[in-house]
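What follows is data-v8.txt (compact mmCIF, C-alpha atoms and all ligand atoms).
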# COMPACT_ATOMS: atom_id res chain seq x y z
CA MET J 6 174.48 -42.06 -132.54
CA ALA J 7 177.62 -40.29 -131.37
CA ARG J 8 179.26 -41.47 -134.55
CA ASP J 9 176.52 -39.95 -136.70
CA ARG J 10 176.95 -36.64 -134.97
CA SER J 11 180.69 -36.70 -135.52
CA GLU J 12 180.05 -37.36 -139.18
CA LEU J 13 177.56 -34.51 -139.32
CA ALA J 14 180.03 -32.22 -137.55
CA ARG J 15 182.73 -33.12 -140.06
CA ASP J 16 180.40 -32.41 -142.98
CA LEU J 17 179.37 -29.07 -141.52
CA LEU J 18 182.96 -27.98 -140.90
CA ARG J 19 184.05 -29.05 -144.37
CA GLY J 20 181.06 -27.33 -145.97
CA ALA J 21 181.93 -24.14 -144.09
CA ARG J 22 185.62 -24.48 -145.03
CA LEU J 23 186.62 -24.51 -141.37
CA ARG J 24 189.58 -26.62 -140.32
CA CYS J 25 188.43 -30.07 -139.30
CA THR J 26 190.41 -30.60 -136.10
CA SER J 27 189.33 -33.45 -133.85
CA GLN J 28 188.72 -30.85 -131.16
CA ARG J 29 186.24 -28.96 -133.30
CA VAL J 30 184.53 -32.13 -134.46
CA GLN J 31 184.09 -33.20 -130.85
CA VAL J 32 182.67 -29.85 -129.78
CA LEU J 33 180.38 -29.46 -132.77
CA ALA J 34 179.14 -33.03 -132.41
CA CYS J 35 178.26 -32.20 -128.83
CA LEU J 36 176.57 -28.91 -129.74
CA SER J 37 174.55 -30.51 -132.52
CA GLY J 38 172.81 -32.56 -129.86
CA MET J 39 171.40 -29.40 -128.33
CA THR J 40 167.92 -28.49 -129.40
CA GLY J 41 166.14 -25.16 -129.51
CA HIS J 42 167.90 -22.00 -128.45
CA PHE J 43 170.89 -22.20 -126.17
CA GLY J 44 173.22 -19.71 -124.57
CA ALA J 45 177.01 -19.76 -124.70
CA GLU J 46 177.06 -20.78 -121.03
CA GLU J 47 174.81 -23.76 -121.72
CA ALA J 48 177.06 -24.74 -124.61
CA LEU J 49 180.05 -24.57 -122.29
CA ALA J 50 178.27 -26.68 -119.68
CA ALA J 51 177.44 -29.31 -122.32
CA VAL J 52 181.01 -29.39 -123.61
CA ASN J 53 182.32 -29.70 -120.05
CA MET J 54 180.21 -32.85 -119.62
CA LEU J 55 182.33 -34.62 -122.22
CA PRO J 56 184.70 -37.21 -120.74
CA ARG J 57 187.69 -35.05 -121.53
CA PRO J 58 186.55 -31.45 -122.05
CA PRO J 59 188.35 -30.53 -125.24
CA VAL J 60 188.26 -26.73 -125.16
CA SER J 61 188.59 -23.74 -122.91
CA ARG J 62 185.86 -21.16 -122.57
CA ALA J 63 187.71 -18.71 -124.82
CA THR J 64 188.19 -21.31 -127.55
CA LEU J 65 184.56 -22.35 -127.38
CA TYR J 66 183.36 -18.76 -127.64
CA ARG J 67 185.63 -18.23 -130.64
CA LEU J 68 184.30 -21.39 -132.26
CA LEU J 69 180.69 -20.31 -131.66
CA ASN J 70 181.55 -17.05 -133.35
CA ASP J 71 183.16 -18.82 -136.33
CA LEU J 72 180.18 -21.14 -136.67
CA GLU J 73 177.88 -18.15 -136.65
CA GLN J 74 179.95 -16.38 -139.31
CA GLN J 75 179.66 -19.46 -141.49
CA GLY J 76 175.93 -19.68 -141.05
CA ILE J 77 176.01 -23.02 -139.21
CA LEU J 78 174.72 -21.36 -136.07
CA ARG J 79 172.45 -18.42 -135.90
CA ARG J 80 172.59 -15.95 -133.09
CA VAL J 81 169.26 -14.77 -131.74
CA LEU J 82 169.51 -11.46 -129.96
CA LEU J 83 167.07 -11.47 -127.08
CA SER J 84 168.16 -8.18 -125.62
CA GLU J 85 171.21 -5.98 -125.63
CA ASN J 86 173.27 -8.32 -123.45
CA CYS J 87 171.57 -11.62 -124.01
CA SER J 88 171.93 -13.72 -127.09
CA ARG J 89 171.30 -17.36 -127.75
CA TYR J 90 172.34 -19.71 -130.51
CA GLU J 91 170.49 -22.19 -132.64
CA PHE J 92 171.33 -24.56 -135.44
CA VAL J 93 169.73 -23.59 -138.69
CA GLY J 94 169.15 -25.91 -141.58
CA PRO J 95 169.32 -24.29 -145.02
CA GLN J 96 165.55 -24.61 -145.46
CA ASP J 97 164.54 -23.72 -141.94
CA ARG J 98 163.82 -20.02 -142.15
CA HIS J 99 162.00 -18.62 -139.20
CA CYS J 100 161.58 -15.45 -137.19
CA HIS J 101 161.34 -15.01 -133.43
CA LEU J 102 158.88 -13.31 -131.19
CA VAL J 103 160.65 -12.41 -127.96
CA CYS J 104 159.13 -11.34 -124.66
CA ALA J 105 161.37 -8.74 -123.06
CA SER J 106 159.94 -9.48 -119.59
CA CYS J 107 160.40 -13.23 -119.25
CA GLY J 108 162.62 -14.00 -122.23
CA ARG J 109 160.17 -16.44 -123.79
CA VAL J 110 160.98 -17.08 -127.45
CA GLU J 111 158.43 -18.24 -129.95
CA GLU J 112 159.46 -19.41 -133.40
CA VAL J 113 157.35 -18.10 -136.24
CA ARG J 114 157.35 -19.56 -139.72
CA SER J 115 155.68 -17.40 -142.31
CA THR J 116 156.08 -17.49 -146.06
CA VAL J 117 154.58 -14.01 -146.23
CA LEU J 118 157.32 -12.67 -143.96
CA ASP J 119 159.95 -14.61 -145.91
CA GLN J 120 158.82 -13.11 -149.18
CA GLU J 121 158.71 -9.66 -147.68
CA LEU J 122 162.25 -9.98 -146.26
CA ARG J 123 163.45 -11.15 -149.67
CA HIS J 124 161.68 -8.29 -151.36
CA LEU J 125 163.08 -5.69 -148.91
CA GLY J 126 166.56 -7.17 -149.30
CA GLU J 127 166.43 -6.74 -153.06
CA LYS J 128 165.01 -3.27 -152.79
CA TYR J 129 167.69 -2.00 -150.42
CA GLY J 130 170.58 -4.08 -151.68
CA PHE J 131 170.94 -6.59 -148.83
CA SER J 132 171.25 -10.31 -149.25
CA PRO J 133 168.28 -11.75 -147.42
CA ASP J 134 169.62 -15.31 -147.35
CA ARG J 135 170.66 -15.12 -143.75
CA ALA J 136 168.21 -12.49 -142.68
CA SER J 137 166.96 -12.89 -139.16
CA LEU J 138 164.03 -11.09 -137.70
CA GLU J 139 163.50 -10.83 -133.98
CA VAL J 140 160.39 -9.03 -132.86
CA THR J 141 160.70 -8.04 -129.22
CA VAL J 142 157.54 -7.27 -127.34
CA ALA J 143 157.44 -5.64 -123.89
CA SER J 144 155.57 -8.57 -122.38
CA CYS J 145 153.75 -11.68 -123.50
CA ASN J 146 150.19 -12.55 -122.47
CA GLU J 147 151.42 -14.66 -119.58
CA CYS J 148 153.49 -11.74 -118.24
CA GLU J 149 150.47 -9.45 -118.62
CA ARG J 150 148.33 -11.88 -116.63
CA GLN J 151 151.04 -12.15 -113.98
CA ARG J 152 151.21 -8.38 -113.68
CA ALA J 153 147.42 -8.13 -113.41
CA ARG J 154 147.45 -10.75 -110.63
CA GLU J 155 150.14 -8.85 -108.76
CA LEU J 156 148.20 -5.62 -109.08
CA THR J 157 145.00 -7.14 -107.66
CA ASN J 158 146.88 -8.90 -104.84
CA GLY J 159 148.78 -5.75 -103.98
CA ASP J 160 145.76 -3.98 -102.50
ZN ZN L 1 164.72 -20.22 -133.61
ZN ZN L 2 156.69 -12.98 -120.98

Could you render the structure from this file as structure tokens?
Amino acid sequence: MARDRSELARDLLRGARLRCTSQRVQVLACLSGMTGHFGAEEALAAVNMLPRPPVSRATLYRLLNDLEQQGILRRVLLSENCSRYEFVGPQDRHCHLVCASCGRVEEVRSTVLDQELRHLGEKYGFSPDRASLEVTVASCNECERQRARELTNGD
């Protein structure tokens, strides 16, 4: 399994024309085992679990940035000072609904939205290939319910 991930990491780095150092392969192989959305701190924690942690925090952050630039990782902005990363396959286009209160993220796949993003991109001269759409709402239903409960208990 670890070997497969190393292979995958090598392919990704080569495809992105990033230098294939053993350090990068090791880190990317580790990151590719992470599912869903993860923060830079979580990535660091995962890398630090490796038998011999191969990179410093600064190097890891730079690598995350490079991977994002190359479209291997996508950064999901949850709020002004909170972003998370995710791996994106070439065919996996999705948008995010984000609750500003609790930070819950829901992935939304919609061909209608995809087509509209493509259309808007063409109209305004932006390449929509790596378009990302995060819709932030003030609070999700669960947060609303929580607030209602607090209000009734407060009296
Ligand atoms: Zn996502
Ligand atoms: Zn919420």

* Within 12 Å of stretch 39-50 of chain J using all atoms listed in the file, minus same-chain residues under 3 positions, as a PyMOL selection string -> chain J and resi 10+32-36+53-55+58-70+78-83+86-93+101+108-112

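Distances to ligand ZN 2 (chain L) were evaluated for J:Leu125, J:Leu102, J:Cys107, J:Leu17 using all atoms listed in the file, and the minimum falls at J:Cys107.
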
* **Contacts of ligand ZN 2 (chain L), 7 Å or closer, all atoms listed in the file, given as a ChimeraX atom specification** => /J:104-109,144-148

* Would you mind reading off the distance between atom CA of J:Val117 and atom CA of J:Gln74, one decimal, in Å? =>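 Those two atoms sit 26.4 Å apart.
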
* Point-to-point distance in Å for atom CA of J:Glu73 and atom CA of J:Leu138 ->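 Separating atom CA of J:Leu138 from atom CA of J:Glu73 is a distance of 15.6 Å.
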
* Of the listed residues J:Tyr129, J:Val103, J:Arg152, J:Asp119, that which approaches ligand ZN 1 (chain L) most closely, counting all atoms listed in the file -> J:Val103

* **Proximity to ligand ZN 1 (chain L) - best of J:Gly126, J:Arg24, J:Arg150, J:Val113, only C-alpha atoms and all ligand atoms** =>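 Looking only at the distances to ligand ZN 1 (chain L), the closest residue turns out to be J:Val113.
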
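Proximity of J:Gln28, J:Ser137, J:Asn158, J:Ser37 to ligand ZN 1 (chain L), computed with all atoms listed in the file, is greatest for J:Ser137.
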
* To do: Could you check which of J:Arg19, J:Arg154, J:Arg114, J:Arg123 is closest to ligand ZN 1 (chain L), using all atoms listed in the file?
  => J:Arg114

* To do: Mind checking which residues fall within 12 Å of J:Asp9, counting only C-alpha atoms, ignoring those fewer than 2 positions away in the same chain, and posting them as a PyMOL selection string?
  => chain J and resi 6-7+11-16+30-31+33-35+37-38

* Asked: In Å to one decimal, how far is atom ZN of ligand ZN 1 (chain L) from atom CA of J:Leu23?
  ->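 Between atom CA of J:Leu23 and atom ZN of ligand ZN 1 (chain L) the gap works out to 23.6 Å.
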
* Pick out the closest residue to J:Gly76 from this set: J:Ala153, J:Ala21, J:Thr141, J:Leu118. Count all atoms listed in the file. => J:Ala21

Given 3 Å of margin on each side, can you work out the centre and size in Å (one decimal) of an axis-aligned box holding every listed atom of stretch 83-100 of chain J, as AutoDock Vina command-line options?
--center_x 167.4 --center_y -15.9 --center_z -134.5 --size_x 17.7 --size_y 25.9 --size_z 28.0

C-alpha atoms of stretch 8-104 of chain J, written as a compact mmCIF listing (two decimals), in the first residue's frame:
# COMPACT_ATOMS: atom_id res chain seq x y z
CA ARG J 8 4.50 1.49 -2.20
CA ASP J 9 1.44 2.34 -4.29
CA ARG J 10 1.23 5.72 -2.68
CA SER J 11 4.89 6.41 -3.36
CA GLU J 12 4.29 5.51 -6.97
CA LEU J 13 1.26 7.78 -7.10
CA ALA J 14 3.26 10.58 -5.48
CA ARG J 15 6.01 10.17 -8.07
CA ASP J 16 3.50 10.29 -10.92
CA LEU J 17 1.84 13.39 -9.52
CA LEU J 18 5.15 15.21 -9.06
CA ARG J 19 6.33 14.27 -12.54
CA GLY J 20 3.01 15.28 -14.07
CA ALA J 21 3.26 18.64 -12.32
CA ARG J 22 6.91 19.04 -13.38
CA LEU J 23 7.99 19.34 -9.76
CA ARG J 24 11.36 17.93 -8.76
CA CYS J 25 10.98 14.35 -7.60
CA THR J 26 13.11 14.35 -4.46
CA SER J 27 12.71 11.43 -2.09
CA GLN J 28 11.66 13.93 0.55
CA ARG J 29 8.78 15.20 -1.56
CA VAL J 30 7.73 11.71 -2.56
CA GLN J 31 7.63 10.69 1.09
CA VAL J 32 5.58 13.72 2.11
CA LEU J 33 3.16 13.53 -0.80
CA ALA J 34 2.70 9.79 -0.30
CA CYS J 35 1.77 10.55 3.29
CA LEU J 36 -0.59 13.38 2.35
CA SER J 37 -2.31 11.31 -0.32
CA GLY J 38 -3.52 9.04 2.46
CA MET J 39 -5.50 11.90 3.95
CA THR J 40 -9.12 12.04 2.98
CA GLY J 41 -11.55 14.92 2.84
CA HIS J 42 -10.46 18.41 3.75
CA PHE J 43 -7.42 18.91 5.93
CA GLY J 44 -5.61 21.88 7.37
CA ALA J 45 -1.89 22.61 7.10
CA GLU J 46 -1.53 21.75 10.80
CA GLU J 47 -3.13 18.35 10.27
CA ALA J 48 -0.82 17.75 7.33
CA LEU J 49 2.14 18.61 9.54
CA ALA J 50 0.91 16.27 12.27
CA ALA J 51 0.56 13.44 9.74
CA VAL J 52 4.04 14.05 8.33
CA ASN J 53 5.48 14.14 11.84
CA MET J 54 4.08 10.64 12.44
CA LEU J 55 6.45 9.25 9.82
CA PRO J 56 9.34 7.25 11.28
CA ARG J 57 11.80 9.95 10.32
CA PRO J 58 9.92 13.22 9.75
CA PRO J 59 11.40 14.38 6.46
CA VAL J 60 10.53 18.08 6.44
CA SER J 61 10.31 21.15 8.59
CA ARG J 62 7.11 23.13 8.95
CA ALA J 63 8.35 25.83 6.57
CA THR J 64 9.28 23.28 3.90
CA LEU J 65 5.94 21.53 4.23
CA TYR J 66 4.03 24.78 3.91
CA ARG J 67 6.04 25.67 0.81
CA LEU J 68 5.35 22.24 -0.66
CA LEU J 69 1.61 22.58 0.03
CA ASN J 70 1.74 25.88 -1.78
CA ASP J 71 3.59 24.38 -4.76
CA LEU J 72 1.14 21.48 -4.93
CA GLU J 73 -1.72 23.93 -4.91
CA GLN J 74 -0.15 26.00 -7.69
CA GLN J 75 0.14 22.85 -9.78
CA GLY J 76 -3.45 21.88 -9.20
CA ILE J 77 -2.63 18.70 -7.26
CA LEU J 78 -4.13 20.16 -4.13
CA ARG J 79 -6.96 22.59 -3.96
CA ARG J 80 -7.25 25.13 -1.23
CA VAL J 81 -10.71 25.64 0.20
CA LEU J 82 -11.10 29.00 1.87
CA LEU J 83 -13.40 28.58 4.84
CA SER J 84 -12.97 32.08 6.16
CA GLU J 85 -10.44 34.85 5.99
CA ASN J 86 -7.87 33.07 8.16
CA CYS J 87 -8.88 29.48 7.75
CA SER J 88 -8.19 27.39 4.73
CA ARG J 89 -8.06 23.67 4.19
CA TYR J 90 -6.64 21.49 1.46
CA GLU J 91 -8.00 18.61 -0.52
CA PHE J 92 -6.78 16.36 -3.28
CA VAL J 93 -8.63 16.87 -6.51
CA GLY J 94 -8.80 14.38 -9.30
CA PRO J 95 -9.08 15.87 -12.79
CA GLN J 96 -12.70 14.78 -13.08
CA ASP J 97 -13.78 15.56 -9.56
CA ARG J 98 -15.25 19.02 -9.86
CA HIS J 99 -17.23 20.12 -6.88
CA CYS J 100 -18.24 23.21 -4.95
CA HIS J 101 -18.46 23.72 -1.20
CA LEU J 102 -21.15 24.96 1.08
CA VAL J 103 -19.51 26.31 4.22
CA CYS J 104 -21.12 27.17 7.54
